[in-house]
Amino acid sequence: MSDVPLLEIVDLTIDVAAEGRWRRAVDGVSVTVARQEIRGLVGESGSGKTLTALAVMGLLSKTSTRVVGGQIRFNGVDLLSQSPRELRRFQGAQLAMVFQEPMSSLNPAFTVGDQISEVLRHHEGMSKGAARTRAAALLNDVGIPEPTRQLDRYPHEFSGGMRQRVMIAIALACKPQLLIADEPTTALDVTVQAQILDLIRGLSAEYGMAVLFISHDLGAVAELCSEVTVLYAGEVVESGTAPLLFSTPKHPYTGGLLASVHSLDDTSRLGWIEGRPPQPGHFPVGCRFHPRCVFASAKCVDSRPELRALDGRQVRCLRAEEIELEGRP
Amino acid sequence: MIPEMAPEGPTTDEAVPATAERSDAAVVGERPLRRFIRRFRRERLAVVALIVLALFVAASALAPVLAPYDPNAQNLANLLAPPGSEGHLLGTDHLGRDIVSRLLYGGQVSLLAAVQAVAVGAALGVVPGLLAGYLGGRTDWLIMRVTDTMMSFPPLILAMTVIAALGPGLVNAMIAIGILFAPRFLRMARSAVLAVREEVFVEAARSMGIPRWQIMSRHIVPHTVTVSVLASHAMLAEAALSFLGLGVQPPDASWGVLIAIGYQNIFTAPDMILWPGLCIAVVVLAFNLLGDGIRDSLGRETRHPVKE
Amino acid sequence: MNSELVLDMEQVSISYPVKGPVRSKRLRVVSDLDLTVARHETVALVGESGSGKSTTARAALRLLDSETGRISWAGVDVTQLSERQLRPLRSRAQMIFQDPYSSLNPAMTVFQLIAEALGQTSLPRTEWRGRVQQLLEDVGLSSGHADRYPYEFSGGQRQRVAIARALAFEPDLIICDEAVSALDVSTQNQIMALLARLREEHGIAYLFISHDLALVRHLAHRVLVMYAGRVVESGAPKDIFTSPRHPYTRALLSAVPQVSARSRQERGARIELPGDVPRPGSVTRGCVFRSRCPWAMPICAEEMPEPFITDEQTMAKCYLHTVGPKLQGGSVSSLPIPTVRDRAAGESTSVTPEPSSGTLRR
């Protein structure tokens, strides 16, 4: 296996058009995904997580966003410098994405079988029959019972969890090396969510596929991901292995998120972070988190912290060494 | 203590509004009317349309002042004078009557007719529409079937049938057109009610013991304001009926009548049909643009901000 | 009639009419529901989609008609009352709805919204301004917000307005129908803290509907677990979350994602539930959970089990307490999870499998 990471986002910077001006929404974000790694990308509104994902897939809106800098290296190839035609060879084949609302992502006018076959025939040039057989196999892989019969069903005939499985089947059709999942379980019941997370985990092992799992739900991230990157106001604020970050967070934002997670066990309280995450164009000066940070000191108000190594992870905080944060070991 | 929070508009707890109302949301505490006016001002075409309409209305209203001649005064010595003739900017018709004057007075009739037709249509259509939407069930079914039947008639045939019953003449023609439009008003009112009826805040009001119609009534009005578009249809309908001789009766003029006359004289004075035609076209276009502008300015608040 | 119960629902069943090709059928969405909320008590109703919990909430407020059973508010039987008769009673029980974006009339200012509520009370009009200000401050907003429109507020703030409006009635009971589900976690917790404080200050009882078990743990005195239109278990959260007495509760708990690695270890294996929740009206005989239950026994096919009552507030509807392992109120967690083959063997004799879309995954 090669040393080159599967996906290397380097210093990605994206502006969005808002209120008539260009505003920085993703500011020098670097994220790496190794082969077969399952990495969580955590953040709230305004963090830039979805924009980052869309940039990787080449799905950014040409009118309201613009990539200002950085590279997105996939197997060493910079996707940002590819032409649309070249990009399309990647999309759906080596890179695939699953979205939050399966009902709106699936075309209601076509059967599930048609939608899976479409990808296969486009990228791999399969015949109708071969594509259909493979589509049935995929439905089976994602745990849909009686797959051959289900091929001829329409999306509205499936439940939410089943639809999400269909989406995953479409994404998997060409055996991508990287699956980007953007809040795939947010709209689902907890038992269904658990099934989908298990499914993704299993498929990653079986297909040797890496996953970039985007979510604001720390519980889901903790269940599935081995690595985690936390975004806030367009920047990476903490990044490292999941057990490390969740048991001993070093950034107050991570600590705050952990404190607000609902948990079944006795010891937790319902905490929260004061205020609301800032939107592009309204990022605070100095440390972007300082207005909401209980540990903010004078230097945090005007100095911008750099991302640096500390205790086995990367963290962007001026006071990281001095503060004690409660984790969830 | 629960900390206080200042309102910040739709930059929400949980999502960025992807298509927010640009800077529309920036003004705080604004009454709906002011917001509407502010947005409307930005609809350039609609503003122009409004000005044009205002000009036409003013011109027609001031016809007694502006018209150089009595529109019905015949001058058999000066038949079919071409435009630019002395004393007649647009010439005269086949009975020597000044065209400019007839246009001005005709405008009065046409514009008024459009308004009358819309008023009749609204009067006949809105209340049943509200009832159908609110009551639902059998009442709705019945009202809608009647409406469907009416709408399945070719419109002019329906109008002519009414006129046959009532007799020709402008007022009757307008009643006929009003009846023609009633179904459209009915559907508009009904869909406005339906749109609101399923809203959660209606259910919420019910849980507070407030009668549903009370809550819904606050919402119906904005939906029925796109009357402007129907006014343009009314004008066209009047023109059609008058053209057919079923509307305005001679010697009175309306733009429809003027078109009829222009049509009869098209070989001898081809320009005569142009002027009333232009007037109708411009006013109809203005009504349509105005209607579009009003509809866009009313807008709907971004209720479900798109997740980032 | 117990007037210590702000809400008493007895054997309530609710059906929806559905138009068929020939005539319309009625689909049973809630069956034989017993639910009480005592004064100052917080009861949580949890379940997944299709459990019937939202329908129950609406029926509790008579926003829906129930087919059978009796509903009482503070001792008054409201089951058969007409809209008009209900009106004066509505101040006793109010609801906060799930979607903060559609539950407030967008054409009204915050002041008007709350004033509309005050109009249903006996407070004189002259005092409305002051009362609205007071209510806004109570919920953590400033009185300056009164003349603003809902679209100017965030989701969390709108819910606060909704809460203020409900408080205007000085109700005995507030039903929160997934009231925080549409908000982000931070805001959810803030609203929960607000509700807890208001409970202390005003002595309000809550019926809290949610799909989030971890959330209700903090606020509820008693939890009712619903599945396919029935309450399958009830008890104190601490109790049933550590020692569930119904297989569904155990499966549900095993699926809740945990951030803490330690908790994940303690939780043990996830219990897979094959298939989907049965569609309303499709289970006519036997236990409604039978088709997906890892411990289904032949008797489960015959009749829906009666509640097995452990104490005044703890109950589970499951034959495992009286038949088979005879748990007698003990926790279902003590039972080993059967393998695929065991399940198939257990069901083959007299149970006709549900026409479900499920098979067991490896």
# chains A, B, ... in the order shown; residues from 1 in each chain; ligands from 1
$ closest_atom_pairs --of "chain C" --to "chain A" --cutoff "8 Å" --atoms "only C-alpha atoms" --output "Markdown table"
| residue | atom | partner | partner_atom | distance |
| --- | --- | --- | --- | --- |
| C:Glu48 | CA | A:Asp189 | CA | 5.9 |
| C:Ser49 | CA | A:Asp189 | CA | 6.8 |
| C:Val185 | CA | A:Ser260 | CA | 6.5 |
| C:Ser186 | CA | A:Trp272 | CA | 4.8 |
| C:Thr187 | CA | A:Trp272 | CA | 7.4 |
| C:Asn189 | CA | A:Leu270 | CA | 5.6 |
| C:Gln190 | CA | A:Trp272 | CA | 6.8 |
| C:Ala193 | CA | A:Leu270 | CA | 7.9 |
| C:His211 | CA | A:Asp189 | CA | 7.7 |
| C:Leu213 | CA | A:Leu264 | CA | 7.3 |
| C:Ala214 | CA | A:Leu264 | CA | 4.7 |
| C:Leu215 | CA | A:His262 | CA | 5.8 |
| C:Arg217 | CA | A:Leu264 | CA | 7.0 |
| C:His218 | CA | A:Arg269 | CA | 7.8 |
| C:Lys238 | CA | A:Asp266 | CA | 7.9 |
| C:Phe241 | CA | A:Leu264 | CA | 7.4 |
| C:Ala251 | CA | A:Thr191 | CA | 7.9 |
| C:Leu252 | CA | A:Thr191 | CA | 6.3 |
| C:Ala255 | CA | A:Thr191 | CA | 5.3 |
| C:Val256 | CA | A:Val190 | CA | 6.1 |
| C:Pro257 | CA | A:Gly219 | CA | 4.8 |
| C:Gln258 | CA | A:Gly219 | CA | 4.9 |
| C:Val259 | CA | A:Gly219 | CA | 4.6 |
| C:Ser260 | CA | A:Arg328 | CA | 4.9 |
| C:Ala261 | CA | A:Pro329 | CA | 5.7 |
| C:Arg262 | CA | A:Pro329 | CA | 6.2 |
| C:Ser263 | CA | A:Asp265 | CA | 7.4 |
| C:Glu272 | CA | A:Gln195 | CA | 7.8 |
| C:Leu273 | CA | A:Thr191 | CA | 7.9 |
| C:Ser357 | CA | A:Pro145 | CA | 6.3 |
| C:Gly358 | CA | A:Pro145 | CA | 6.0 |
| C:Thr359 | CA | A:Pro145 | CA | 6.1 |
| C:Arg361 | CA | A:Gly143 | CA | 6.5 |
$ write_last_selection --atoms "N, CA and C atoms" --output "compact mmCIF listing (two decimals), in the first residue's frame"
# COMPACT_ATOMS: atom_id res chain seq x y z
N GLU C 48 -39.98 5.68 18.51
CA GLU C 48 -39.45 6.06 17.20
C GLU C 48 -40.59 6.46 16.29
N SER C 49 -40.29 6.64 14.99
CA SER C 49 -41.38 7.04 14.10
C SER C 49 -42.34 5.89 13.96
N VAL C 185 -27.94 20.92 19.45
CA VAL C 185 -27.82 20.35 20.79
C VAL C 185 -27.63 21.39 21.88
N SER C 186 -26.81 22.37 21.59
CA SER C 186 -26.55 23.42 22.58
C SER C 186 -27.86 24.11 22.97
N THR C 187 -28.61 24.49 21.96
CA THR C 187 -29.87 25.17 22.20
C THR C 187 -30.86 24.24 22.87
N ASN C 189 -30.31 21.99 25.01
CA ASN C 189 -30.03 21.93 26.44
C ASN C 189 -30.45 23.21 27.15
N GLN C 190 -30.29 24.33 26.47
CA GLN C 190 -30.70 25.59 27.09
C GLN C 190 -32.20 25.62 27.30
N ALA C 193 -33.13 23.45 30.14
CA ALA C 193 -32.85 24.11 31.42
C ALA C 193 -33.96 25.11 31.74
N HIS C 211 -38.00 11.43 20.81
CA HIS C 211 -37.38 10.19 20.35
C HIS C 211 -36.02 10.03 21.02
N LEU C 213 -33.95 9.40 24.01
CA LEU C 213 -34.03 8.89 25.38
C LEU C 213 -33.07 9.60 26.31
N ALA C 214 -31.88 9.89 25.81
CA ALA C 214 -30.89 10.51 26.69
C ALA C 214 -31.35 11.88 27.14
N LEU C 215 -32.11 12.55 26.30
CA LEU C 215 -32.58 13.89 26.63
C LEU C 215 -33.59 13.85 27.75
N ARG C 217 -34.00 11.75 30.00
CA ARG C 217 -33.50 11.21 31.26
C ARG C 217 -33.36 12.30 32.31
N HIS C 218 -32.98 13.48 31.86
CA HIS C 218 -32.70 14.55 32.81
C HIS C 218 -33.95 15.19 33.39
N LYS C 238 -34.09 6.35 35.41
CA LYS C 238 -32.89 5.68 35.94
C LYS C 238 -33.08 4.18 35.95
N PHE C 241 -33.70 2.60 32.17
CA PHE C 241 -32.57 2.72 31.27
C PHE C 241 -31.43 1.81 31.70
N ALA C 251 -33.52 -3.09 23.15
CA ALA C 251 -32.98 -2.88 21.81
C ALA C 251 -32.75 -1.41 21.54
N LEU C 252 -33.70 -0.60 21.95
CA LEU C 252 -33.59 0.84 21.76
C LEU C 252 -32.37 1.39 22.48
N ALA C 255 -29.08 0.80 20.92
CA ALA C 255 -28.80 1.50 19.67
C ALA C 255 -28.42 2.96 19.87
N VAL C 256 -28.65 3.50 21.05
CA VAL C 256 -28.35 4.91 21.27
C VAL C 256 -26.84 5.13 21.19
N PRO C 257 -26.39 6.03 20.35
CA PRO C 257 -24.95 6.24 20.21
C PRO C 257 -24.36 6.86 21.47
N GLN C 258 -23.19 6.41 21.84
CA GLN C 258 -22.54 6.90 23.05
C GLN C 258 -21.18 7.49 22.71
N VAL C 259 -20.92 8.65 23.25
CA VAL C 259 -19.64 9.28 23.02
C VAL C 259 -18.55 8.61 23.87
N SER C 260 -18.93 8.26 25.08
CA SER C 260 -17.93 7.72 25.99
C SER C 260 -17.60 6.28 25.66
N ALA C 261 -16.31 6.00 25.51
CA ALA C 261 -15.88 4.64 25.17
C ALA C 261 -16.25 3.67 26.28
N ARG C 262 -16.16 4.16 27.47
CA ARG C 262 -16.50 3.32 28.62
C ARG C 262 -17.97 2.89 28.55
N SER C 263 -18.83 3.87 28.26
CA SER C 263 -20.26 3.54 28.15
C SER C 263 -20.51 2.55 27.05
N GLU C 272 -30.02 -6.26 17.15
CA GLU C 272 -30.55 -5.97 15.82
C GLU C 272 -32.03 -6.24 15.77
N LEU C 273 -32.77 -5.32 15.23
CA LEU C 273 -34.19 -5.57 15.02
C LEU C 273 -34.42 -5.68 13.52
N SER C 357 -40.36 -6.55 5.63
CA SER C 357 -39.34 -6.49 4.60
C SER C 357 -37.99 -6.86 5.18
N GLY C 358 -37.98 -7.50 6.31
CA GLY C 358 -36.71 -7.74 6.98
C GLY C 358 -36.22 -9.16 6.94
N THR C 359 -34.96 -9.30 6.81
CA THR C 359 -34.31 -10.59 7.09
C THR C 359 -33.17 -10.23 8.04
N ARG C 361 -29.55 -9.65 9.22
CA ARG C 361 -28.25 -9.41 8.61
C ARG C 361 -27.21 -10.16 9.42
$ residues_around --residues "segment 257-270 of chain B" --least-positions-apart "3" --cutoff "7 Å" --atoms "only C-alpha atoms" --output "PyMOL selection string"
chain B and resi 80+242-243+253-254+273+276-277
$ write_last_selection --atoms "C-alpha atoms" --output "short mmCIF file (atom, residue, chain, number, x, y, z; two decimals), in the first residue's frame"
data_model
loop_
_atom_site.label_atom_id
_atom_site.label_comp_id
_atom_site.auth_asym_id
_atom_site.auth_seq_id
_atom_site.Cartn_x
_atom_site.Cartn_y
_atom_site.Cartn_z
CA LEU B 80 -60.65 59.18 -42.60
CA SER B 242 -66.98 45.03 -27.83
CA PHE B 243 -65.31 43.93 -31.00
CA ALA B 253 -66.28 54.23 -27.72
CA SER B 254 -64.08 51.79 -26.00
CA ILE B 273 -56.46 49.78 -35.81
CA PRO B 276 -56.32 51.23 -29.81
CA GLY B 277 -54.38 48.02 -30.27
#
$ residues_around --residues "Val283 of chain B" --least-positions-apart "4" --cutoff "7 Å" --atoms "only C-alpha atoms" --output "ChimeraX atom specification"
/B:53,279,287
$ closest_residue --among "C:Ile204, C:Met315, C:Leu335, C:Ala301" --to "His40 of chain C" --atoms "only C-alpha atoms"
C:Ile204
$ atom_distance --atom1 "atom CA of Glu198 of chain B" --atom2 "atom CA of Gly136 of chain B"
12.2 Å
$ closest_residue --among "A:Ala137, A:Leu179, A:Ala53, A:Val294" --to "chain B" --atoms "only C-alpha atoms"
A:Ala53
$ interface_residues --of "chain C" --to "chain B" --cutoff "6 Å" --atoms "only C-alpha atoms" --output "PyMOL selection string"
chain C and resi 87+90+101-105+140-141+148+152-154+184
$ closest_atom_pairs --of "chain A" --to "chain B" --cutoff "9 Å" --atoms "only C-alpha atoms" --output "CSV"
residue,atom,partner,partner_atom,distance
A:Ala18,CA,B:Arg22,CA,7.5
A:Glu19,CA,B:Arg22,CA,5.2
A:Gly20,CA,B:Arg22,CA,7.5
A:Glu44,CA,B:Glu14,CA,7.2
A:Ser45,CA,B:Ala15,CA,5.1
A:Gly46,CA,B:Val16,CA,6.8
A:Ser47,CA,B:Glu308,CA,8.6
A:Gly48,CA,B:Glu308,CA,7.7
A:Lys49,CA,B:Glu308,CA,8.0
A:Thr50,CA,B:Glu308,CA,6.1
A:Leu51,CA,B:Glu308,CA,7.8
A:Glu274,CA,B:Pro3,CA,8.2
A:Gly275,CA,B:Met5,CA,7.8
A:Arg276,CA,B:Asp13,CA,6.2
A:Pro277,CA,B:Asp13,CA,7.8
A:Pro278,CA,B:Thr11,CA,8.8
A:Gln279,CA,B:Val16,CA,7.5
$ select_by_dssp --residues "segment 65-158 of chain A" --states "alpha helix (DSSP H)" --output "MDAnalysis selection string"
chainID A and resid 84:90 102:105 112:124 128:141 147:150
$ write_last_selection --atoms "N, CA and C atoms" --output "short mmCIF file (atom, residue, chain, number, x, y, z; two decimals), in the first residue's frame"
data_model
loop_
_atom_site.label_atom_id
_atom_site.label_comp_id
_atom_site.auth_asym_id
_atom_site.auth_seq_id
_atom_site.Cartn_x
_atom_site.Cartn_y
_atom_site.Cartn_z
N PRO A 84 -13.76 20.02 -15.68
CA PRO A 84 -15.00 19.34 -15.31
C PRO A 84 -15.10 17.94 -15.89
N ARG A 85 -14.63 17.77 -17.12
CA ARG A 85 -14.73 16.43 -17.72
C ARG A 85 -13.85 15.45 -16.98
N GLU A 86 -12.65 15.87 -16.65
CA GLU A 86 -11.75 14.98 -15.93
C GLU A 86 -12.29 14.66 -14.55
N LEU A 87 -12.89 15.67 -13.93
CA LEU A 87 -13.47 15.47 -12.61
C LEU A 87 -14.55 14.41 -12.61
N ARG A 88 -15.32 14.41 -13.68
CA ARG A 88 -16.45 13.48 -13.74
C ARG A 88 -16.00 12.04 -13.74
N ARG A 89 -14.75 11.84 -14.15
CA ARG A 89 -14.26 10.45 -14.10
C ARG A 89 -14.08 10.01 -12.65
N PHE A 90 -13.77 10.98 -11.82
CA PHE A 90 -13.62 10.64 -10.40
C PHE A 90 -14.95 10.49 -9.70
N PRO A 102 -32.36 11.39 2.12
CA PRO A 102 -32.41 10.43 1.02
C PRO A 102 -33.60 10.65 0.09
N MET A 103 -34.68 11.19 0.60
CA MET A 103 -35.82 11.35 -0.29
C MET A 103 -35.52 12.37 -1.37
N SER A 104 -34.84 13.45 -1.02
CA SER A 104 -34.60 14.45 -2.05
C SER A 104 -33.39 14.12 -2.90
N SER A 105 -32.56 13.19 -2.44
CA SER A 105 -31.39 12.85 -3.26
C SER A 105 -31.72 11.79 -4.29
N VAL A 112 -35.39 2.29 -8.24
CA VAL A 112 -34.13 2.20 -7.52
C VAL A 112 -33.11 1.47 -8.38
N GLY A 113 -33.54 0.44 -9.03
CA GLY A 113 -32.65 -0.34 -9.89
C GLY A 113 -32.08 0.52 -11.01
N ASP A 114 -32.93 1.33 -11.61
CA ASP A 114 -32.47 2.22 -12.69
C ASP A 114 -31.40 3.17 -12.19
N GLN A 115 -31.61 3.70 -11.00
CA GLN A 115 -30.68 4.70 -10.51
C GLN A 115 -29.32 4.09 -10.20
N ILE A 116 -29.32 2.88 -9.71
CA ILE A 116 -28.03 2.24 -9.46
C ILE A 116 -27.38 1.87 -10.78
N SER A 117 -28.18 1.32 -11.66
CA SER A 117 -27.63 0.89 -12.96
C SER A 117 -27.04 2.07 -13.72
N GLU A 118 -27.67 3.21 -13.59
CA GLU A 118 -27.20 4.39 -14.32
C GLU A 118 -25.73 4.65 -14.04
N VAL A 119 -25.38 4.59 -12.76
CA VAL A 119 -23.99 4.84 -12.39
C VAL A 119 -23.07 3.79 -13.01
N LEU A 120 -23.51 2.56 -12.93
CA LEU A 120 -22.68 1.46 -13.44
C LEU A 120 -22.48 1.57 -14.94
N ARG A 121 -23.55 1.90 -15.62
CA ARG A 121 -23.43 1.94 -17.07
C ARG A 121 -22.62 3.14 -17.51
N HIS A 122 -22.73 4.22 -16.76
CA HIS A 122 -21.99 5.41 -17.14
C HIS A 122 -20.48 5.25 -16.91
N HIS A 123 -20.14 4.77 -15.73
CA HIS A 123 -18.72 4.72 -15.40
C HIS A 123 -18.03 3.45 -15.87
N GLU A 124 -18.75 2.36 -15.84
CA GLU A 124 -18.07 1.11 -16.18
C GLU A 124 -18.56 0.53 -17.50
N LYS A 128 -27.06 -3.39 -19.84
CA LYS A 128 -28.23 -3.29 -18.98
C LYS A 128 -28.34 -4.48 -18.04
N GLY A 129 -28.17 -5.66 -18.63
CA GLY A 129 -28.33 -6.89 -17.84
C GLY A 129 -27.28 -7.00 -16.76
N ALA A 130 -26.04 -6.74 -17.15
CA ALA A 130 -24.94 -6.86 -16.18
C ALA A 130 -25.13 -5.85 -15.06
N ALA A 131 -25.54 -4.65 -15.44
CA ALA A 131 -25.73 -3.61 -14.43
C ALA A 131 -26.82 -4.01 -13.45
N ARG A 132 -27.87 -4.60 -13.98
CA ARG A 132 -28.97 -5.01 -13.12
C ARG A 132 -28.55 -6.08 -12.12
N THR A 133 -27.77 -7.01 -12.61
CA THR A 133 -27.30 -8.06 -11.71
C THR A 133 -26.45 -7.46 -10.60
N ARG A 134 -25.56 -6.58 -11.02
CA ARG A 134 -24.69 -5.96 -10.03
C ARG A 134 -25.49 -5.10 -9.06
N ALA A 135 -26.51 -4.42 -9.57
CA ALA A 135 -27.34 -3.58 -8.71
C ALA A 135 -28.01 -4.43 -7.63
N ALA A 136 -28.49 -5.59 -8.03
CA ALA A 136 -29.13 -6.47 -7.05
C ALA A 136 -28.11 -6.90 -6.00
N ALA A 137 -26.90 -7.19 -6.45
CA ALA A 137 -25.85 -7.58 -5.50
C ALA A 137 -25.57 -6.45 -4.52
N LEU A 138 -25.56 -5.24 -5.04
CA LEU A 138 -25.31 -4.08 -4.17
C LEU A 138 -26.42 -3.92 -3.14
N LEU A 139 -27.66 -4.06 -3.55
CA LEU A 139 -28.76 -3.94 -2.61
C LEU A 139 -28.63 -4.99 -1.52
N ASN A 140 -28.17 -6.14 -1.92
CA ASN A 140 -27.95 -7.19 -0.94
C ASN A 140 -26.84 -6.80 0.03
N ASP A 141 -25.77 -6.24 -0.52
CA ASP A 141 -24.66 -5.81 0.32
C ASP A 141 -25.07 -4.77 1.36
N PRO A 147 -33.55 -8.40 -2.78
CA PRO A 147 -33.01 -7.32 -3.60
C PRO A 147 -33.53 -7.32 -5.04
N THR A 148 -33.69 -8.48 -5.63
CA THR A 148 -34.11 -8.47 -7.04
C THR A 148 -35.48 -7.85 -7.20
N ARG A 149 -36.35 -8.16 -6.25
CA ARG A 149 -37.68 -7.57 -6.33
C ARG A 149 -37.64 -6.07 -6.10
N GLN A 150 -36.78 -5.64 -5.20
CA GLN A 150 -36.75 -4.23 -4.84
C GLN A 150 -36.19 -3.36 -5.94
#
$ residues_around --residues "Leu59 of chain A" --least-positions-apart "3" --cutoff "12 Å" --atoms "only C-alpha atoms" --output "list in words"
Thr50, Leu51, Thr52, Ala53, Leu54, Ala55, Val56, Lys62, Thr63, Ser64, Thr65, Arg66, Val67, Leu79, Leu80, Pro84, Leu87, Arg88, Gln91, Gly92, Leu95, Ala96 and Met97 of chain A
$ atom_distance --atom1 "atom CA of Phe97 of chain C" --atom2 "atom CA of His221 of chain C"
21.3 Å
